[in-house]
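Asks: My questions all concern the structure below.
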Amino acid sequence: MPDGHMSDTSRRRFLQVTGGAGVGLMVGFTWTGTSRRAQAAAATNAFVPNAFVKVAPDGTVTVLIKHLEMGQGVFTGLTAIVAEEMDADWAQMRAEHAPANAKLYNNTAFGPIQGTGGSTSTYNSWTQLRQAGATARALLVAAAAQTWGVPASDITVSKGVVSSGTHKAGFGELAAKAATLPVPADVPLKDPKNFTLVGTKLPRKDSAEKTTGKAIFAIDVVQPGMLVAVVQRPTRFGAKAQAIDAKAAKAVKGVVEVVEIPRGVAVLATSYWAAHQGREALKVTWDETNAEKRGTDAIIADYKALLPKPGQLVTKEGDVDAVKGAKTLKAEFTFPYLAHAPMEPLTCVVKLGKDGCEIWAGDQFQTIDQMNAAKTAGLKPEQVTIHTVYAGGSFGRRANVESDYIVEGVAIAKALSDAKVQGGKLAGRPVKLIWSREDDIRGGRYRPLYVHGMEAKLGADGSVLAWQHRIVGQSIMAGSPFDQPGKPDATSVEGAAEIPYTIPNRLVDLHTTTSPVPVLWWRSVGSTHTAFAVETFLDELAAEAKQDPVAFRRKLMEKHPRHLAVLNLAVEKAEWTKPLPKGWARGVAVAESFRSVVAHVAEVSQDDKGRIKVERVVCAVDCGIAVTPDVVKAQMEGGIGYGLGAIMYGAITMKDGVVDQSNFDTYRCLRIDEMPKVEVHIVPSANPPTGVGEPGVPPLGPAVANAIAALTGKRIRDLPFAGSVSV
Amino acid sequence: MPPIKLTLNGKPWSVDADPDMPLLWAVREIAGKTGSKFGCGAAQCGACTMHVDGQPVRACSTPIGSIAGSKVTTIEGIEGKVAKAVQDAWVKLDVVQCGYCQSGQIMSAVALLTDNAKPTDQDIDSAMSGNLCRCSTYVRIRAAIHEAAKALEI
């Protein structure tokens, strides 16, 4: 999903860091032995052929989803993969979150870690869940064969019905018998040309719950005796609490206790409202010795000062300096810090006992969160149970290597267990930590601020002879287990290091900066900024060469047929050459991210007051086999809206280290009246599925910026553009 | 302080709470109905939208003491043909993604269609622009409101 984090490069780094030697062995899934399966079946009356599939006596098939459902549709898409191989009926399929268990439910793209990100959910589950479904089907068929005394080859399965001649049975009727049979190895998978569910429009599995208010998110979880906590954090990143005056806070009706934790001061109360009021009354003095005191203007100036200097080498092809006498174009770009601002602010419920800790969260990084929670609580990771519930969006925010909000929740619960706090009488009380929107917007873990410098040399015939791309900004991986000191930070340069255009002389380098401002992967990570710089600068070169931007790209893309096909589909469907009304213009951009390629054609208009509106976006995507095409479309629509809001308005700015924004009035996000019409076209493909949650975002910004340039002549190089273009 | 008396989803509701407590938190934490969501606490996002005497309000910024005697309806309590048409259209078009804002979206859409049986895109944009969706399900929200309007014609 759409959420993002690990590019291939960063994943590889992680494997190196964690010693990924055994990772190949972890692909696939762990079978429970026959006798254990029989026991499980006896205990629950269910047939549990493997870690991913449960068949109940009533015929309901439940798929255990190892990934977080945060809107990207894994409950639907992953369930469809199993249903396809089982020849089940879509109506009998259910989905539920798997427990946190890295041995059974690791993300095979991450290695020995359960987690969701880098748009890998379908990609890493495809073969695993096909095998799980096919094996479950084989066992049901074997059970039918024994029961009816017919050869397995005479049995067919269709829409959840197993039949042979006059014999017919549902999965539920065969479940008990199937649970006693040995699990076959290497069950053949379906020929994709026989797919009946994959590739078709299937209703989402979470629509009903989410249109009736019944879906449960972490903020809805209630435990007996639960207290609600809010945390006062420093106004400047890197500051620490020095002195706390909790008298007035404790006097607020409903406030139960005030405790200090490493990241701030927590107010605990019987309700959110009381906790919130208590925090308003709390007085904390902060030690700002190590805090960030620069404003974002100063940070940008510091970064720009680095642009003339060579950075750490990322890509070198040919020799850019050897190109003489050509026409040179230069451009500088600035990209602000961005907050993810998922609709559900960060929330978790923690119940800490002497021998274990239970956590309810829209958990995106189960294995890392178990480790960090255990460390905070003084337990072993296996003593931490995580109940993953629906997340109200994430866009990368809920997965971070410090497990920030989880650790806060556990630290508060731990503080209550101290005998010095009310004589220990609050020990063991469950704690629900709720971040307010202000906490979310001002709480850091932003998409890093970046400055880019670009330079290109054009031949007399318009050919691109040289291309230089310098990037300045913080590393998302630095200081984390993913860090590889000495090597360029992959998340800063993905989408720039490799481009689908053949240019004989190319140099990409990087200045990695540091700041106490915490940063994080944000839906499509490095490509949020690299695709903008690459695709708008390329458009400038096309204009300078007096060539059509599509024709210009096609020529440079000859060695990348997949990109070319996506570009061609988008421009064909958008009717690129068809005249638009007066005051309208088109722009195009194409970008690869998370193994998928997306092209957008944006149509923008300008009214008589000079205001720009994005009217329509035509999208083409190659994501391999589109398991559930309607979910793919939804992710493209969502990526377009998310990306558009960001380039129009998105910016976290700081004055003297203090964040200027606090809520949706100052951190503006896209609203319905600003949403363009969207058309999505999927490139037919027989290749295994690739990413869908993130890849819709990267080409949106440059397609819109290129359209604005075509319409007004103004090149957007500083984001967000609402500051320089009327909207 | 005497309890505050209201009607919640058709039933009498007597709340013993600080009159300044926002309606949202009284409904979520005292009445235990969690379908209405907290998104901003500042009437900026609409995730908390409920109907008070039939009108959509931002419950996160409505002190419960200010609406004593009112009829409050939440996502758990909406009924009737408009509500059904809206919820059916939402499911038919698979509007939801993360789903967190959708209770609020549906409450606003039901209020819109109750007032205006045949809204244009502009009417929809104007009635729904107070409801944020970070998943940007806006294309489908527009389509689902048209779909519900069409279903209500029959």
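All residue names refer to the structure tokens as shown: chains lettered A, B, ... in order, residues numbered from 1 in each chain, ligands numbered from 1 in order.
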May I have the residues within 8 Å of range 658-674 of chain A as a ChimeraX atom specification, using only C-alpha atoms and disregarding those fewer than 2 positions away in the same chain?

Replies: /A:235-236,293,295,437-439,441-442,613-614,641-642,644-646,649-656,676 /B:40,42,44-45,122,125-126,128-134,136,138-139

Asks: Determine, counting only C-alpha atoms, which protein, DNA and RNA residues have an atom within 10 Å of an atom of Asp369 in chain A; residues of the same chain fewer than 2 positions away are not included. Present the result as an NGL selection string.

Replies: :A and (100 or 114-115 or 359 or 363-367 or 371-375 or 381 or 384 or 386 or 399-407)

Asks: List every residue of range 333-429 of chain A that DSSP, applied to the backbone of this structure, places in helix (DSSP H, G or I), and write the result as a PyMOL selection string.

Replies: chain A and resi 366-377+381-383+404-416+422-424

Asks: Kindly save the residues from that selection, with N, CA and C atoms included, as a PDB file, in the first residue's frame.

Replies:
```
ATOM      1  N   GLN A 366       4.838  -5.086  12.598  1.00  0.00           N
ATOM      2  CA  GLN A 366       4.632  -5.911  13.796  1.00  0.00           C
ATOM      3  C   GLN A 366       5.929  -6.380  14.439  1.00  0.00           C
ATOM      4  N   THR A 367       6.866  -6.866  13.658  1.00  0.00           N
ATOM      5  CA  THR A 367       8.073  -7.451  14.259  1.00  0.00           C
ATOM      6  C   THR A 367       8.926  -6.381  14.929  1.00  0.00           C
ATOM      7  N   ILE A 368       9.080  -5.237  14.250  1.00  0.00           N
ATOM      8  CA  ILE A 368       9.850  -4.134  14.828  1.00  0.00           C
ATOM      9  C   ILE A 368       9.128  -3.596  16.068  1.00  0.00           C
ATOM     10  N   ASP A 369       7.813  -3.504  15.986  1.00  0.00           N
ATOM     11  CA  ASP A 369       7.044  -2.989  17.127  1.00  0.00           C
ATOM     12  C   ASP A 369       7.114  -3.951  18.314  1.00  0.00           C
ATOM     13  N   GLN A 370       7.109  -5.245  18.035  1.00  0.00           N
ATOM     14  CA  GLN A 370       7.269  -6.216  19.134  1.00  0.00           C
ATOM     15  C   GLN A 370       8.620  -6.035  19.816  1.00  0.00           C
ATOM     16  N   MET A 371       9.664  -5.853  18.997  1.00  0.00           N
ATOM     17  CA  MET A 371      11.008  -5.704  19.558  1.00  0.00           C
ATOM     18  C   MET A 371      11.113  -4.428  20.400  1.00  0.00           C
ATOM     19  N   ASN A 372      10.615  -3.330  19.859  1.00  0.00           N
ATOM     20  CA  ASN A 372      10.723  -2.059  20.587  1.00  0.00           C
ATOM     21  C   ASN A 372       9.829  -2.027  21.825  1.00  0.00           C
ATOM     22  N   ALA A 373       8.646  -2.616  21.711  1.00  0.00           N
ATOM     23  CA  ALA A 373       7.746  -2.662  22.866  1.00  0.00           C
ATOM     24  C   ALA A 373       8.379  -3.506  23.975  1.00  0.00           C
ATOM     25  N   ALA A 374       8.968  -4.641  23.567  1.00  0.00           N
ATOM     26  CA  ALA A 374       9.592  -5.535  24.544  1.00  0.00           C
ATOM     27  C   ALA A 374      10.733  -4.830  25.269  1.00  0.00           C
ATOM     28  N   LYS A 375      11.538  -4.130  24.496  1.00  0.00           N
ATOM     29  CA  LYS A 375      12.680  -3.414  25.074  1.00  0.00           C
ATOM     30  C   LYS A 375      12.187  -2.367  26.083  1.00  0.00           C
ATOM     31  N   THR A 376      11.145  -1.657  25.727  1.00  0.00           N
ATOM     32  CA  THR A 376      10.599  -0.614  26.605  1.00  0.00           C
ATOM     33  C   THR A 376      10.005  -1.222  27.870  1.00  0.00           C
ATOM     34  N   ALA A 377       9.332  -2.360  27.702  1.00  0.00           N
ATOM     35  CA  ALA A 377       8.635  -2.970  28.839  1.00  0.00           C
ATOM     36  C   ALA A 377       9.541  -3.854  29.684  1.00  0.00           C
ATOM     37  N   PRO A 381      10.531 -10.181  23.057  1.00  0.00           N
ATOM     38  CA  PRO A 381       9.597  -9.879  21.948  1.00  0.00           C
ATOM     39  C   PRO A 381       8.435 -10.862  21.870  1.00  0.00           C
ATOM     40  N   GLU A 382       8.706 -12.135  22.181  1.00  0.00           N
ATOM     41  CA  GLU A 382       7.621 -13.119  22.070  1.00  0.00           C
ATOM     42  C   GLU A 382       6.568 -12.947  23.173  1.00  0.00           C
ATOM     43  N   GLN A 383       6.878 -12.109  24.174  1.00  0.00           N
ATOM     44  CA  GLN A 383       5.878 -11.833  25.216  1.00  0.00           C
ATOM     45  C   GLN A 383       4.962 -10.669  24.828  1.00  0.00           C
ATOM     46  N   ASP A 404       7.502   4.772  17.253  1.00  0.00           N
ATOM     47  CA  ASP A 404       7.320   5.904  18.170  1.00  0.00           C
ATOM     48  C   ASP A 404       6.062   5.860  19.028  1.00  0.00           C
ATOM     49  N   TYR A 405       4.899   5.714  18.378  1.00  0.00           N
ATOM     50  CA  TYR A 405       3.668   5.800  19.187  1.00  0.00           C
ATOM     51  C   TYR A 405       3.441   4.541  20.009  1.00  0.00           C
ATOM     52  N   ILE A 406       3.926   3.406  19.518  1.00  0.00           N
ATOM     53  CA  ILE A 406       3.807   2.156  20.276  1.00  0.00           C
ATOM     54  C   ILE A 406       4.682   2.245  21.539  1.00  0.00           C
ATOM     55  N   VAL A 407       5.903   2.721  21.337  1.00  0.00           N
ATOM     56  CA  VAL A 407       6.825   2.844  22.471  1.00  0.00           C
ATOM     57  C   VAL A 407       6.289   3.844  23.499  1.00  0.00           C
ATOM     58  N   GLU A 408       5.698   4.926  23.034  1.00  0.00           N
ATOM     59  CA  GLU A 408       5.083   5.873  23.983  1.00  0.00           C
ATOM     60  C   GLU A 408       4.006   5.192  24.819  1.00  0.00           C
ATOM     61  N   GLY A 409       3.138   4.434  24.136  1.00  0.00           N
ATOM     62  CA  GLY A 409       2.055   3.746  24.851  1.00  0.00           C
ATOM     63  C   GLY A 409       2.603   2.775  25.889  1.00  0.00           C
ATOM     64  N   VAL A 410       3.614   2.020  25.493  1.00  0.00           N
ATOM     65  CA  VAL A 410       4.196   1.040  26.421  1.00  0.00           C
ATOM     66  C   VAL A 410       4.929   1.757  27.557  1.00  0.00           C
ATOM     67  N   ALA A 411       5.614   2.853  27.231  1.00  0.00           N
ATOM     68  CA  ALA A 411       6.349   3.596  28.271  1.00  0.00           C
ATOM     69  C   ALA A 411       5.384   4.159  29.317  1.00  0.00           C
ATOM     70  N   ILE A 412       4.211   4.586  28.864  1.00  0.00           N
ATOM     71  CA  ILE A 412       3.217   5.110  29.817  1.00  0.00           C
ATOM     72  C   ILE A 412       2.715   3.979  30.706  1.00  0.00           C
ATOM     73  N   ALA A 413       2.382   2.845  30.098  1.00  0.00           N
ATOM     74  CA  ALA A 413       1.906   1.688  30.876  1.00  0.00           C
ATOM     75  C   ALA A 413       2.979   1.233  31.867  1.00  0.00           C
ATOM     76  N   LYS A 414       4.216   1.285  31.413  1.00  0.00           N
ATOM     77  CA  LYS A 414       5.347   0.895  32.275  1.00  0.00           C
ATOM     78  C   LYS A 414       5.474   1.870  33.462  1.00  0.00           C
ATOM     79  N   ALA A 415       5.317   3.158  33.170  1.00  0.00           N
ATOM     80  CA  ALA A 415       5.425   4.154  34.239  1.00  0.00           C
ATOM     81  C   ALA A 415       4.356   3.924  35.305  1.00  0.00           C
ATOM     82  N   LEU A 416       3.174   3.485  34.882  1.00  0.00           N
ATOM     83  CA  LEU A 416       2.091   3.241  35.857  1.00  0.00           C
ATOM     84  C   LEU A 416       2.401   2.066  36.773  1.00  0.00           C
ATOM     85  N   GLN A 422       1.361   6.358  42.757  1.00  0.00           N
ATOM     86  CA  GLN A 422       0.139   6.006  43.509  1.00  0.00           C
ATOM     87  C   GLN A 422       0.251   4.622  44.152  1.00  0.00           C
ATOM     88  N   GLY A 423       1.429   4.341  44.670  1.00  0.00           N
ATOM     89  CA  GLY A 423       1.636   3.078  45.372  1.00  0.00           C
ATOM     90  C   GLY A 423       1.457   1.855  44.477  1.00  0.00           C
ATOM     91  N   GLY A 424       1.562   2.061  43.163  1.00  0.00           N
ATOM     92  CA  GLY A 424       1.452   0.943  42.233  1.00  0.00           C
ATOM     93  C   GLY A 424       0.021   0.527  41.949  1.00  0.00           C
TER      94      GLY A 424
END
```

Asks: Go through chain B and collect every residue that DSSP, computed from the backbone, puts in strand (DSSP E); the answer should be as a list in words.

Replies: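 Listing strand (DSSP E) positions across chain B yields Ile4, Lys5, Leu6, Thr7, Leu8, Lys11, Pro12, Trp13, Ser14, Val15, Thr49, Met50, His51, Val52, Gln55, Pro56, Val57, Arg58, Lys71, Val72 and Thr73 of chain B.
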
Asks: Write to file, as a compact mmCIF listing (two decimals), in the first residue's frame, the residues of the selection just made, with C-alpha atoms.

Replies:
```
# COMPACT_ATOMS: atom_id res chain seq x y z
CA ILE B 4 -27.93 16.85 30.19
CA LYS B 5 -30.96 15.30 28.50
CA LEU B 6 -31.03 14.55 24.78
CA THR B 7 -32.24 11.93 22.34
CA LEU B 8 -29.58 9.66 20.84
CA LYS B 11 -33.72 6.83 22.53
CA PRO B 12 -33.67 9.19 25.54
CA TRP B 13 -30.12 9.91 26.65
CA SER B 14 -29.21 11.48 29.94
CA VAL B 15 -25.54 12.44 30.10
CA THR B 49 -20.24 14.50 11.51
CA MET B 50 -23.57 13.67 13.20
CA HIS B 51 -27.07 14.98 12.67
CA VAL B 52 -28.45 17.26 15.35
CA GLN B 55 -28.73 19.04 10.40
CA PRO B 56 -25.14 17.84 9.91
CA VAL B 57 -22.86 19.19 12.65
CA ARG B 58 -19.20 18.71 13.57
CA LYS B 71 -32.22 14.80 18.72
CA VAL B 72 -28.80 13.41 17.87
CA THR B 73 -28.35 10.81 15.15
```

Asks: Could you name the residues that touch range 34-38 of chain B at 8 Å or less, counting only C-alpha atoms, but leaving out those on the same chain fewer than 5 positions away, as a ChimeraX atom specification?

Replies: /A:212-215,220,344 /B:24,27-29,47-50,60,74-76,100-101,103-104

Asks: From the options B:Ile67, B:Leu112, B:Met21, B:Ile154, which residue's atoms come nearest to chain A, counting only C-alpha atoms?

Replies: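 Selected residue with least distance to chain A: B:Met21.
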
Asks: Extract, using only C-alpha atoms, all DNA, RNA and protein residues at most 10 Å from range 89-96 of chain B, discarding same-chain residues fewer than 6 positions from it, and format them as a PyMOL selection string.

Replies: (chain A and resi 71-73+202-211+630-631+634) or (chain B and resi 83+102+106+133+135-151)

Asks: Which of these residues is nearest to Ala305 in chain A, using only C-alpha atoms: A:Val692, A:Leu520, A:Val680, A:Val451?

Replies: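 Between A:Val692, A:Leu520, A:Val680, A:Val451, the residue approaching Ala305 in chain A most closely is A:Val451.
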
Asks: Identify which of the residues A:Ala246, A:Val265, A:Ala391, A:Val349 lies closest to chain B, counting only C-alpha atoms when measuring atom-to-atom distances.

Replies: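 Nearest candidate to chain B out of A:Ala246, A:Val265, A:Ala391, A:Val349: A:Ala391.
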